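A.B. asks: my_file-v1.cif (mmCIF, C-alpha atoms) pasted underneath:
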```cif
data_start
loop_
_atom_site.group_PDB
_atom_site.id
_atom_site.type_symbol
_atom_site.label_atom_id
_atom_site.label_comp_id
_atom_site.auth_asym_id
_atom_site.auth_seq_id
_atom_site.Cartn_x
_atom_site.Cartn_y
_atom_site.Cartn_z
ATOM 1 C CA MET A 1 2.296 -4.012 18.257
ATOM 2 C CA PRO A 2 -1.477 -4.256 18.835
ATOM 3 C CA ALA A 3 -3.387 -7.485 19.391
ATOM 4 C CA ALA A 4 -0.909 -9.277 21.658
ATOM 5 C CA SER A 5 -4.102 -10.505 23.298
ATOM 6 C CA PRO A 6 -6.935 -12.221 21.450
ATOM 7 C CA LYS A 7 -9.733 -10.260 19.870
ATOM 8 C CA THR A 8 -13.240 -11.566 20.178
ATOM 9 C CA VAL A 9 -15.416 -10.951 17.141
ATOM 10 C CA VAL A 10 -18.878 -11.898 16.000
ATOM 11 C CA ILE A 11 -19.391 -12.989 12.409
ATOM 12 C CA ALA A 12 -22.727 -14.263 11.164
ATOM 13 C CA LYS A 13 -23.882 -14.627 14.776
ATOM 14 C CA ARG A 14 -20.919 -16.829 15.657
ATOM 15 C CA HIS A 15 -18.248 -15.834 18.180
ATOM 16 C CA PHE A 16 -14.561 -16.212 17.384
ATOM 17 C CA GLU A 17 -11.420 -15.531 19.353
ATOM 18 C CA LEU A 18 -8.662 -14.438 16.983
ATOM 19 C CA TRP A 19 -4.953 -13.943 17.555
ATOM 20 C CA ARG A 20 -2.691 -11.995 15.251
ATOM 21 C CA ASP A 21 -0.003 -14.721 15.320
ATOM 22 C CA GLN A 22 -2.569 -17.363 14.504
ATOM 23 C CA VAL A 23 -3.723 -15.406 11.443
ATOM 24 C CA GLU A 24 -0.151 -14.951 10.203
ATOM 25 C CA GLN A 25 0.611 -18.624 10.648
ATOM 26 C CA ARG A 26 -2.592 -19.759 8.927
ATOM 27 C CA MET A 27 -2.022 -17.483 5.918
ATOM 28 C CA ARG A 28 1.673 -18.292 5.491
ATOM 29 C CA ASP A 29 1.154 -20.816 2.690
ATOM 30 C CA VAL A 30 -1.957 -19.248 1.178
ATOM 31 C CA GLN A 31 -1.587 -17.359 -2.100
ATOM 32 C CA PRO A 32 -3.498 -14.075 -2.142
ATOM 33 C CA GLU A 33 -6.465 -13.843 -4.490
ATOM 34 C CA PRO A 34 -6.801 -10.866 -6.860
ATOM 35 C CA ILE A 35 -7.411 -7.569 -5.105
ATOM 36 C CA ALA A 36 -10.593 -5.872 -6.277
ATOM 37 C CA SER A 37 -10.364 -2.814 -4.068
ATOM 38 C CA HIS A 38 -9.492 -3.170 -0.372
ATOM 39 C CA TYR A 39 -6.644 -5.254 1.003
ATOM 40 C CA VAL A 40 -4.820 -6.082 4.237
ATOM 41 C CA VAL A 41 -1.092 -6.714 4.487
ATOM 42 C CA ILE A 42 -0.006 -9.952 6.179
ATOM 43 C CA ASP A 43 3.685 -10.901 6.049
ATOM 44 C CA SER A 44 4.323 -8.337 3.300
ATOM 45 C CA ARG A 45 1.587 -9.767 1.082
ATOM 46 C CA ARG A 46 -1.699 -8.149 0.171
ATOM 47 C CA TYR A 47 -4.862 -10.196 0.665
ATOM 48 C CA PRO A 48 -8.519 -9.402 0.095
ATOM 49 C CA PRO A 49 -9.933 -9.086 3.657
ATOM 50 C CA LYS A 50 -12.783 -11.492 2.919
ATOM 51 C CA GLN A 51 -10.379 -14.202 1.808
ATOM 52 C CA VAL A 52 -8.482 -13.984 5.096
ATOM 53 C CA VAL A 53 -11.516 -13.948 7.378
ATOM 54 C CA SER A 54 -13.132 -16.769 5.477
ATOM 55 C CA ILE A 55 -10.021 -18.934 5.798
ATOM 56 C CA ILE A 56 -9.348 -18.283 9.470
ATOM 57 C CA THR A 57 -12.965 -18.712 10.591
ATOM 58 C CA GLY A 58 -14.445 -21.058 8.021
ATOM 59 C CA VAL A 59 -17.437 -18.744 7.618
ATOM 60 C CA ASP A 60 -18.850 -18.478 4.103
ATOM 61 C CA ARG A 61 -17.878 -15.219 2.407
ATOM 62 C CA ALA A 62 -21.492 -14.469 1.576
ATOM 63 C CA ASP A 63 -22.198 -14.136 5.311
ATOM 64 C CA PHE A 64 -20.107 -11.016 5.967
ATOM 65 C CA THR A 65 -19.017 -7.874 4.157
ATOM 66 C CA SER A 66 -15.613 -6.738 3.018
ATOM 67 C CA HIS A 67 -15.780 -3.773 5.398
ATOM 68 C CA HIS A 68 -16.554 -6.063 8.322
ATOM 69 C CA ALA A 69 -13.578 -8.268 7.453
ATOM 70 C CA ARG A 70 -11.310 -5.268 7.063
ATOM 71 C CA ARG A 71 -12.383 -3.904 10.458
ATOM 72 C CA ILE A 72 -11.658 -7.232 12.149
ATOM 73 C CA LEU A 73 -8.187 -7.493 10.626
ATOM 74 C CA THR A 74 -7.159 -3.900 11.261
ATOM 75 C CA GLY A 75 -8.321 -4.509 14.828
ATOM 76 C CA LEU A 76 -5.728 -7.267 15.014
ATOM 77 C CA GLY A 77 -3.077 -4.779 13.908
ATOM 78 C CA PHE A 78 -2.771 -5.613 10.210
ATOM 79 C CA PRO A 79 -2.282 -2.600 7.941
ATOM 80 C CA ALA A 80 -4.972 -2.080 5.335
ATOM 81 C CA GLY A 81 -5.084 -0.177 2.101
ATOM 82 C CA ARG A 82 -6.970 0.360 -1.089
ATOM 83 C CA ARG A 83 -5.776 -0.532 -4.534
ATOM 84 C CA GLN A 84 -5.221 2.270 -7.047
ATOM 85 C CA LEU A 85 -8.142 1.809 -9.388
ATOM 86 C CA ASN A 86 -6.574 3.913 -12.106
ATOM 87 C CA PRO A 87 -2.812 3.547 -12.478
ATOM 88 C CA GLU A 88 -2.604 7.131 -13.691
ATOM 89 C CA LEU A 89 -3.957 8.249 -10.334
ATOM 90 C CA VAL A 90 -2.303 8.119 -6.932
ATOM 91 C CA GLU A 91 -3.780 8.692 -3.514
ATOM 92 C CA ARG A 92 -2.457 11.619 -1.562
ATOM 93 C CA ASN A 93 -3.326 12.814 1.886
ATOM 94 C CA GLU A 94 -4.339 16.457 1.879
ATOM 95 C CA GLY A 95 -5.223 17.935 5.245
ATOM 96 C CA GLY A 96 -6.228 14.530 6.595
ATOM 97 C CA ASP A 97 -8.360 13.586 3.588
ATOM 98 C CA TRP A 98 -7.332 11.074 0.953
ATOM 99 C CA VAL A 99 -7.783 12.477 -2.516
ATOM 100 C CA ARG A 100 -6.986 11.021 -5.926
ATOM 101 C CA VAL A 101 -4.645 13.092 -8.036
ATOM 102 C CA ARG A 102 -3.040 12.502 -11.398
ATOM 103 C CA ARG A 103 0.427 10.967 -11.221
ATOM 104 C CA GLY A 104 3.085 13.626 -11.546
ATOM 105 C CA THR A 105 1.081 16.302 -9.749
ATOM 106 C CA ALA A 106 1.393 14.622 -6.366
ATOM 107 C CA ALA A 107 4.216 15.756 -4.111
ATOM 108 C CA SER A 108 5.139 12.127 -3.491
ATOM 109 C CA ALA A 109 4.849 11.057 -7.113
ATOM 110 C CA PRO A 110 7.912 9.708 -8.910
ATOM 111 C CA SER A 111 10.050 12.060 -10.960
ATOM 112 C CA PRO A 112 8.695 12.987 -14.403
ATOM 113 C CA ARG A 113 11.363 10.789 -16.032
ATOM 114 C CA SER A 114 9.896 8.372 -18.515
ATOM 115 C CA ALA A 115 6.559 10.153 -18.417
ATOM 116 C CA GLY A 116 4.248 8.908 -21.146
ATOM 117 C CA SER A 117 5.682 5.392 -21.161
ATOM 118 C CA SER A 118 4.233 2.164 -19.820
ATOM 119 C CA MET A 119 3.726 1.854 -16.047
ATOM 120 C CA ARG A 120 5.800 -0.465 -13.862
ATOM 121 C CA PRO A 121 5.981 -1.145 -10.147
ATOM 122 C CA SER A 122 8.431 1.062 -8.258
ATOM 123 C CA ALA A 123 11.417 -0.243 -6.298
ATOM 124 C CA ARG A 124 9.444 0.376 -3.123
ATOM 125 C CA GLU A 125 6.515 -1.728 -4.361
ATOM 126 C CA LEU A 126 8.909 -4.573 -5.146
ATOM 127 C CA GLU A 127 10.874 -4.477 -1.922
ATOM 128 C CA PRO A 128 8.765 -7.069 -0.026
ATOM 129 C CA PHE A 129 9.288 -9.534 -2.886
ATOM 130 C CA ILE A 130 13.087 -9.662 -3.137
ATOM 131 C CA GLY A 131 14.112 -13.120 -4.292
ATOM 132 C CA GLU A 132 10.613 -14.003 -5.533
ATOM 133 C CA TRP A 133 9.052 -14.244 -8.976
ATOM 134 C CA VAL A 134 6.376 -11.633 -9.532
ATOM 135 C CA ALA A 135 3.657 -11.054 -12.096
ATOM 136 C CA THR A 136 2.790 -7.392 -12.403
ATOM 137 C CA LYS A 137 0.193 -5.229 -14.067
ATOM 138 C CA GLY A 138 0.801 -1.487 -14.282
ATOM 139 C CA PRO A 139 2.215 -0.431 -10.913
ATOM 140 C CA ASP A 140 0.689 -3.415 -9.050
ATOM 141 C CA VAL A 141 2.164 -6.770 -8.112
ATOM 142 C CA LEU A 142 -0.553 -9.307 -8.868
ATOM 143 C CA VAL A 143 1.145 -12.331 -7.341
ATOM 144 C CA ALA A 144 4.537 -13.327 -5.966
ATOM 145 C CA ALA A 145 6.008 -16.745 -5.270
ATOM 146 C CA ARG A 146 9.340 -18.520 -4.931
ATOM 147 C CA ASP A 147 8.626 -20.636 -8.008
ATOM 148 C CA PRO A 148 7.625 -19.241 -11.428
ATOM 149 C CA ARG A 149 5.274 -22.186 -11.940
ATOM 150 C CA THR A 150 3.240 -21.092 -8.910
ATOM 151 C CA VAL A 151 2.942 -17.597 -10.346
ATOM 152 C CA VAL A 152 1.630 -18.850 -13.690
ATOM 153 C CA SER A 153 -0.756 -21.313 -12.021
ATOM 154 C CA TRP A 154 -2.197 -18.484 -9.954
ATOM 155 C CA LEU A 155 -2.711 -16.321 -13.050
ATOM 156 C CA ALA A 156 -4.480 -19.158 -14.826
ATOM 157 C CA GLU A 157 -6.615 -20.092 -11.830
ATOM 158 C CA HIS A 158 -7.754 -16.514 -11.259
ATOM 159 C CA ARG A 159 -8.019 -15.636 -14.951
ATOM 160 C CA GLN A 160 -5.610 -12.771 -14.608
ATOM 161 C CA GLN A 161 -3.530 -11.288 -17.409
ATOM 162 C CA ALA A 162 -0.142 -9.978 -16.294
ATOM 163 C CA GLU A 163 1.891 -7.400 -18.171
ATOM 164 C CA SER A 164 5.289 -8.535 -16.879
ATOM 165 C CA MET A 165 6.834 -11.480 -15.119
ATOM 166 C CA PHE A 166 10.333 -11.494 -13.631
ATOM 167 C CA ARG A 167 12.292 -12.295 -10.502
ATOM 168 C CA VAL A 168 13.015 -9.457 -8.085
ATOM 169 C CA PRO A 169 16.791 -9.827 -7.814
ATOM 170 C CA GLU A 170 18.629 -10.378 -4.558
ATOM 171 C CA GLU A 171 22.070 -9.755 -5.999
ATOM 172 C CA GLU A 172 23.450 -7.278 -8.506
ATOM 173 C CA TYR A 173 24.585 -9.943 -10.960
ATOM 174 C CA GLN A 174 21.039 -11.293 -11.283
ATOM 175 C CA ALA A 175 19.928 -8.035 -12.900
ATOM 176 C CA SER A 176 22.941 -7.583 -15.134
ATOM 177 C CA GLY A 177 23.131 -8.377 -18.776
ATOM 178 C CA ILE A 178 26.711 -9.303 -19.350
ATOM 179 C CA ALA A 179 27.854 -10.481 -22.737
ATOM 180 C CA PRO A 180 28.673 -14.191 -22.905
ATOM 181 C CA LEU A 181 32.366 -14.920 -22.492
ATOM 182 C CA MET B 1 5.714 2.837 -27.843
ATOM 183 C CA ARG B 2 8.078 3.649 -24.997
ATOM 184 C CA TYR B 3 8.798 1.077 -22.335
ATOM 185 C CA ARG B 4 9.741 2.372 -18.939
ATOM 186 C CA PHE B 5 12.905 1.034 -17.306
ATOM 187 C CA GLN B 6 12.277 -1.285 -14.374
ATOM 188 C CA GLU B 7 13.308 0.049 -10.980
ATOM 189 C CA LEU B 8 14.747 -2.540 -8.612
ATOM 190 C CA PRO B 9 14.970 -2.486 -4.845
ATOM 191 C CA GLY B 10 18.260 -2.368 -3.019
ATOM 192 C CA ILE B 11 20.859 -3.014 -5.727
ATOM 193 C CA GLY B 12 22.474 0.230 -6.636
ATOM 194 C CA GLY B 13 19.380 2.181 -7.481
ATOM 195 C CA ARG B 14 19.742 2.206 -11.265
ATOM 196 C CA ALA B 15 16.665 1.189 -13.229
ATOM 197 C CA ARG B 16 17.185 -1.333 -16.081
ATOM 198 C CA PRO B 17 16.091 -1.214 -19.732
ATOM 199 C CA VAL B 18 13.529 -3.970 -20.189
ATOM 200 C CA VAL B 19 10.665 -4.931 -22.466
ATOM 201 C CA ASP B 20 7.973 -7.552 -21.960
ATOM 202 C CA LEU B 21 7.766 -10.308 -24.556
ATOM 203 C CA VAL B 22 4.862 -12.667 -24.986
ATOM 204 C CA VAL B 23 6.201 -16.166 -25.567
ATOM 205 C CA GLU B 24 3.896 -18.304 -27.701
ATOM 206 C CA GLY B 25 1.935 -20.534 -25.323
ATOM 207 C CA LEU B 26 2.475 -18.316 -22.283
ATOM 208 C CA GLU B 27 0.290 -15.351 -23.168
ATOM 209 C CA LEU B 28 -0.927 -14.658 -19.648
ATOM 210 C CA ALA B 29 2.576 -13.915 -18.314
ATOM 211 C CA PRO B 30 4.733 -11.834 -20.687
ATOM 212 C CA GLN B 31 8.403 -12.337 -19.854
ATOM 213 C CA THR B 32 10.407 -9.293 -18.891
ATOM 214 C CA CYS B 33 13.657 -9.215 -20.852
ATOM 215 C CA LEU B 34 16.691 -7.037 -20.349
ATOM 216 C CA LEU B 35 17.958 -5.285 -23.474
ATOM 217 C CA ASP B 36 21.452 -6.734 -23.745
ATOM 218 C CA THR B 37 23.282 -5.311 -26.738
ATOM 219 C CA GLY B 38 26.479 -6.980 -25.554
ATOM 220 C CA ALA B 39 24.952 -10.426 -26.094
ATOM 221 C CA THR B 40 24.352 -12.113 -29.414
ATOM 222 C CA ASP B 41 21.327 -14.274 -28.620
ATOM 223 C CA VAL B 42 17.995 -14.353 -26.821
ATOM 224 C CA ARG B 43 18.111 -16.339 -23.588
ATOM 225 C CA MET B 44 15.447 -17.242 -21.080
ATOM 226 C CA GLY B 45 15.054 -19.598 -18.159
ATOM 227 C CA GLY B 46 14.245 -23.228 -18.900
ATOM 228 C CA HIS B 47 11.051 -22.844 -16.866
ATOM 229 C CA VAL B 48 9.651 -20.584 -19.605
ATOM 230 C CA ALA B 49 9.827 -23.413 -22.153
ATOM 231 C CA GLU B 50 8.239 -25.776 -19.646
ATOM 232 C CA LEU B 51 5.386 -23.368 -18.880
ATOM 233 C CA ALA B 52 4.830 -22.520 -22.545
ATOM 234 C CA GLY B 53 4.834 -26.178 -23.606
ATOM 235 C CA ILE B 54 7.874 -25.829 -25.859
ATOM 236 C CA GLU B 55 9.363 -29.252 -26.521
ATOM 237 C CA LEU B 56 13.107 -29.341 -25.925
ATOM 238 C CA ALA B 57 13.695 -33.010 -25.101
ATOM 239 C CA THR B 58 15.146 -33.859 -28.490
ATOM 240 C CA THR B 59 17.118 -30.641 -28.841
ATOM 241 C CA PRO B 60 20.866 -30.898 -28.259
ATOM 242 C CA ASP B 61 22.108 -28.871 -25.328
ATOM 243 C CA ARG B 62 25.149 -26.668 -25.208
ATOM 244 C CA GLU B 63 27.054 -24.903 -22.514
ATOM 245 C CA VAL B 64 26.345 -21.202 -22.248
ATOM 246 C CA VAL B 65 28.356 -18.792 -20.129
ATOM 247 C CA ILE B 66 26.584 -15.629 -19.043
ATOM 248 C CA GLY B 67 28.377 -13.143 -16.886
ATOM 249 C CA GLY B 68 30.908 -15.738 -15.826
ATOM 250 C CA LEU B 69 28.246 -18.269 -14.790
ATOM 251 C CA ARG B 70 27.886 -21.535 -16.653
ATOM 252 C CA THR B 71 24.487 -22.849 -17.583
ATOM 253 C CA THR B 72 23.066 -25.270 -20.131
ATOM 254 C CA GLY B 73 20.938 -23.986 -22.999
ATOM 255 C CA ARG B 74 18.672 -25.662 -25.542
ATOM 256 C CA ALA B 75 17.692 -23.744 -28.653
ATOM 257 C CA ALA B 76 14.236 -23.511 -30.200
ATOM 258 C CA ARG B 77 12.672 -21.249 -32.772
ATOM 259 C CA VAL B 78 9.895 -19.551 -30.858
ATOM 260 C CA GLN B 79 7.252 -17.007 -31.712
ATOM 261 C CA LEU B 80 7.646 -13.836 -29.663
ATOM 262 C CA GLU B 81 5.278 -10.906 -29.553
ATOM 263 C CA LEU B 82 6.016 -7.350 -28.519
ATOM 264 C CA ARG B 83 2.784 -5.609 -27.687
ATOM 265 C CA GLN B 84 2.599 -1.963 -28.670
ATOM 266 C CA SER B 85 0.004 0.706 -27.935
ATOM 267 C CA PHE B 86 -1.882 -0.292 -31.057
ATOM 268 C CA GLY B 87 -1.342 -3.783 -32.409
ATOM 269 C CA SER B 88 1.787 -5.786 -31.847
ATOM 270 C CA HIS B 89 4.890 -7.069 -33.582
ATOM 271 C CA ILE B 90 5.379 -10.807 -33.928
ATOM 272 C CA TRP B 91 8.584 -12.544 -34.986
ATOM 273 C CA SER B 92 10.288 -15.897 -34.511
ATOM 274 C CA PRO B 93 13.913 -15.794 -33.372
ATOM 275 C CA THR B 94 15.954 -18.645 -31.939
ATOM 276 C CA VAL B 95 15.704 -18.592 -28.153
ATOM 277 C CA TYR B 96 18.056 -20.455 -25.818
ATOM 278 C CA PHE B 97 16.240 -21.835 -22.788
ATOM 279 C CA CYS B 98 18.744 -22.339 -20.001
ATOM 280 C CA ASP B 99 18.968 -24.294 -16.758
ATOM 281 C CA PRO B 100 19.896 -23.214 -14.171
ATOM 282 C CA TRP B 101 18.653 -19.658 -14.583
ATOM 283 C CA PRO B 102 19.549 -17.454 -11.611
ATOM 284 C CA TRP B 103 18.888 -14.170 -13.432
ATOM 285 C CA ALA B 104 16.007 -11.807 -12.867
ATOM 286 C CA PHE B 105 15.059 -11.286 -16.508
ATOM 287 C CA GLY B 106 15.335 -12.926 -19.880
ATOM 288 C CA LEU B 107 18.146 -11.501 -21.990
ATOM 289 C CA LEU B 108 17.228 -9.895 -25.305
ATOM 290 C CA GLY B 109 20.480 -9.982 -27.227
ATOM 291 C CA LEU B 110 21.163 -8.780 -30.761
ATOM 292 C CA ALA B 111 19.341 -11.656 -32.479
ATOM 293 C CA GLY B 112 16.166 -10.536 -30.732
ATOM 294 C CA LEU B 113 16.663 -6.951 -31.803
ATOM 295 C CA ASP B 114 17.121 -7.663 -35.536
ATOM 296 C CA PRO B 115 13.593 -6.579 -36.510
ATOM 297 C CA PHE B 116 13.699 -3.296 -34.595
ATOM 298 C CA LEU B 117 15.258 0.113 -34.408
ATOM 299 C CA ALA B 118 16.126 0.338 -30.717
ATOM 300 C CA ILE B 119 16.307 3.696 -28.975
ATOM 301 C CA VAL B 120 17.453 3.855 -25.364
ATOM 302 C CA ASP B 121 17.229 7.024 -23.319
ATOM 303 C CA ALA B 122 19.196 6.147 -20.193
ATOM 304 C CA TYR B 123 18.692 9.512 -18.550
ATOM 305 C CA GLU B 124 14.935 9.585 -19.050
ATOM 306 C CA GLU B 125 14.807 5.832 -18.399
ATOM 307 C CA TRP B 126 12.835 4.542 -21.347
ATOM 308 C CA VAL B 127 13.438 2.323 -24.325
ATOM 309 C CA GLU B 128 11.617 2.316 -27.636
ATOM 310 C CA LEU B 129 11.594 -0.540 -30.143
ATOM 311 C CA GLN B 130 10.331 0.521 -33.557
ATOM 312 C CA PRO B 131 9.540 -2.399 -35.886
ATOM 313 C CA LEU B 132 11.310 -2.111 -39.240
ATOM 314 C CA SER B 133 10.082 -3.432 -42.571
ATOM 315 C CA ARG B 134 13.136 -5.050 -44.116
#
```
Can you turn what I pasted into structure tokens?
C.D. replies:
Amino acid sequence: MPAASPKTVVIAKRHFELWRDQVEQRMRDVQPEPIASHYVVIDSRRYPPKQVVSIITGVDRADFTSHHARRILTGLGFPAGRRQLNPELVERNEGGDWVRVRRGTAASAPSPRSAGSSMRPSARELEPFIGEWVATKGPDVLVAARDPRTVVSWLAEHRQQAESMFRVPEEEYQASGIAPL
Amino acid sequence: MRYRFQELPGIGGRARPVVDLVVEGLELAPQTCLLDTGATDVRMGGHVAELAGIELATTPDREVVIGGLRTTGRAARVQLELRQSFGSHIWSPTVYFCDPWPWAFGLLGLAGLDPFLAIVDAYEEWVELQPLSR
């Protein structure tokens, strides 16, 4: 795993020494803000890069760019990605280039079952959130938390409208509708 | 409008038939409910009533057994909304809000399906609820 040693970075003319572990620890209790485009993954959660860098350094977000923040965090070994801007489109790597293709034409796209119906997150998207309450919109998880009240507070605070809210089940019985005895 | 089944990680791999219902007072977080034709009523977690500001303090409670687990439910007549591609369908069934609520989804039993013609395609993994004028 990269960044077992500290990484020295310069942000707004200030020098910082950052450790991967330190970033993970600092972000542990911080709810991610809405993702506009780019994100980094810390402890299975997606954060806007600027949110993370601002929190760990205390530097005002207006003093650095999203790309700068993303570069710093990927340098510490955190995976980064880009949100699908159109849920009907997926990103696919073709010959080393990322291209956007319509869902269903990509080799890695889900099966054509239920084509034409509303979008939902896949099992793979939900895997990091087992046991948590999630609010979702199309194929994206907007927010996840152990308590449903935290999820709703986050939606209200960030003026987000979810399409679905449920708990990602840990056990089979939690997802079963069994008639009352 | 067709609603896609919800895939779930790590528990047998079969997607579940669900729809998202807007509970009056909790518009920003529609509650995902499992279509449960083996159940008679609509049931949701007690936290939904709390978050939606539905007063249950004076409502008598009753024991409810779901899937062999005992919980306590309080009934309230609540406005639910099913959003469709164009417009939406609004109705007011009795909903039992239960504590504890260890389940992943709300349960949309028969009382919640009264106003609809429900079509489930298990192979293609979608459900359609067509509002009926009765």
A.B. asks: For Pro102 of chain B, please output as number ranges by chain all residues within 9 Å (counting all atoms listed in the file; exclusion window: fewer than 6 positions along the same chain).
C.D. replies: A: 167, 169, 174; B: 45
A.B. asks: Near Leu26 of chain B, within 9 Å and counting only C-alpha atoms, which residues show up once chain neighbours fewer than 4 positions away are dropped, as a PyMOL selection string?
C.D. replies: (chain A and resi 152) or (chain B and resi 22+30-31+48-49+51-53)
A.B. asks: Please report the interatomic distance between atom CA of Trp91 of chain B and atom CA of Trp103 of chain B in Å with one decimal.
C.D. replies: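 Interatomic distance, atom CA of Trp91 of chain B to atom CA of Trp103 of chain B: 23.9 Å.
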A.B. asks: Contacts from chain B to chain A, 6 Å maximum, all atoms listed in the file: show me the residue list as a list in words.
C.D. replies: Arg2, Tyr3, Arg4, Glu7, Leu8, Pro9, Ile11, Asp20, Leu28, Ala29, Pro30, Gln31, Thr32, Asp36, Gly38, Ala39, Val65, Ile66, Gly67, Trp103, Ala104, Phe105, Glu124, Glu125 and Trp126 of chain B
A.B. asks: Could you work out how far atom CA of Gly73 of chain B lies from atom CA of Arg43 of chain B, giving the answer in Å with one decimal?
C.D. replies: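 Result for atom CA of Arg43 of chain B versus atom CA of Gly73 of chain B: 8.2 Å, one decimal.
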A.B. asks: Counting all atoms listed in the file, write as a list of chain:residue names all protein and nucleic acid residues lying at most 8 Å from (15.9, -21.4, -26.0) in the file's frame.
C.D. replies: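 Every polymer residue passing the test: B:Val42, B:Arg43, B:Met44, B:Gly46, B:Ala49, B:Gly73, B:Arg74, B:Ala75, B:Ala76, B:Arg77, B:Val78, B:Thr94, B:Val95, B:Tyr96, B:Phe97, B:Cys98.
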A.B. asks: Could you please determine the separation between atom CA of Leu69 of chain B and atom CA of Gly10 of chain B in Å, to one decimal place?
C.D. replies: 22.2 Å
A.B. asks: Could you give me, as a ChimeraX atom specification, the residues that have an atom at most 12 Å away from the point (-0.3, -17.0, 8.5) in the coordinates of the file, using only C-alpha atoms?
C.D. replies: /A:19-32,41-45,47,52-53,55-56,78
A.B. asks: I want to know what sits within 12 Å of Pro115 of chain B, based on only C-alpha atoms, with residues of the same chain fewer than 2 positions away left out; could you give that as number ranges by chain?
C.D. replies: B: 80-82, 89-93, 110-113, 117-118, 129-134
A.B. asks: Can you spell out as a VMD selection string the set of residues that the PyMOL selection byres ((chain A and resi 34) around 8) selects in the structure I just provided?
C.D. replies: chain A and resid 32 to 33 35 to 36 47 to 48 142 158
A.B. asks: Now that the selection is made, can you save its residues with C-alpha atoms as a PDB file, in the frame of the given file?
C.D. replies:
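Output saved as out29.pdb:
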```pdb
ATOM      1  CA  PRO A  32      -3.498 -14.075  -2.142  1.00  0.00           C
ATOM      2  CA  GLU A  33      -6.465 -13.843  -4.490  1.00  0.00           C
ATOM      3  CA  ILE A  35      -7.411  -7.569  -5.105  1.00  0.00           C
ATOM      4  CA  ALA A  36     -10.593  -5.872  -6.277  1.00  0.00           C
ATOM      5  CA  TYR A  47      -4.862 -10.196   0.665  1.00  0.00           C
ATOM      6  CA  PRO A  48      -8.519  -9.402   0.095  1.00  0.00           C
ATOM      7  CA  LEU A 142      -0.553  -9.307  -8.868  1.00  0.00           C
ATOM      8  CA  HIS A 158      -7.754 -16.514 -11.259  1.00  0.00           C
TER       9      HIS A 158
END
```
A.B. asks: Translate the PyMOL selection byres ((chain B and resi 15) around 6), as applied to the file shown, into an explicit residue set as a PDB file with C-alpha atoms, in the coordinates of the input.
C.D. replies:
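The resulting file, part-v9.pdb, is reproduced below:
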```pdb
ATOM      1  CA  PHE B   5      12.905   1.034 -17.306  1.00  0.00           C
ATOM      2  CA  GLN B   6      12.277  -1.285 -14.374  1.00  0.00           C
ATOM      3  CA  GLU B   7      13.308   0.049 -10.980  1.00  0.00           C
ATOM      4  CA  ARG B  14      19.742   2.206 -11.265  1.00  0.00           C
ATOM      5  CA  ARG B  16      17.185  -1.333 -16.081  1.00  0.00           C
TER       6      ARG B  16
END
```
A.B. asks: Looking at A:Leu76, A:Arg46, A:Glu157, A:His68, which one is nearest to Val141 of chain A, with distances taken over only C-alpha atoms?
C.D. replies: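 Under the stated criterion, the closest residue is A:Arg46.
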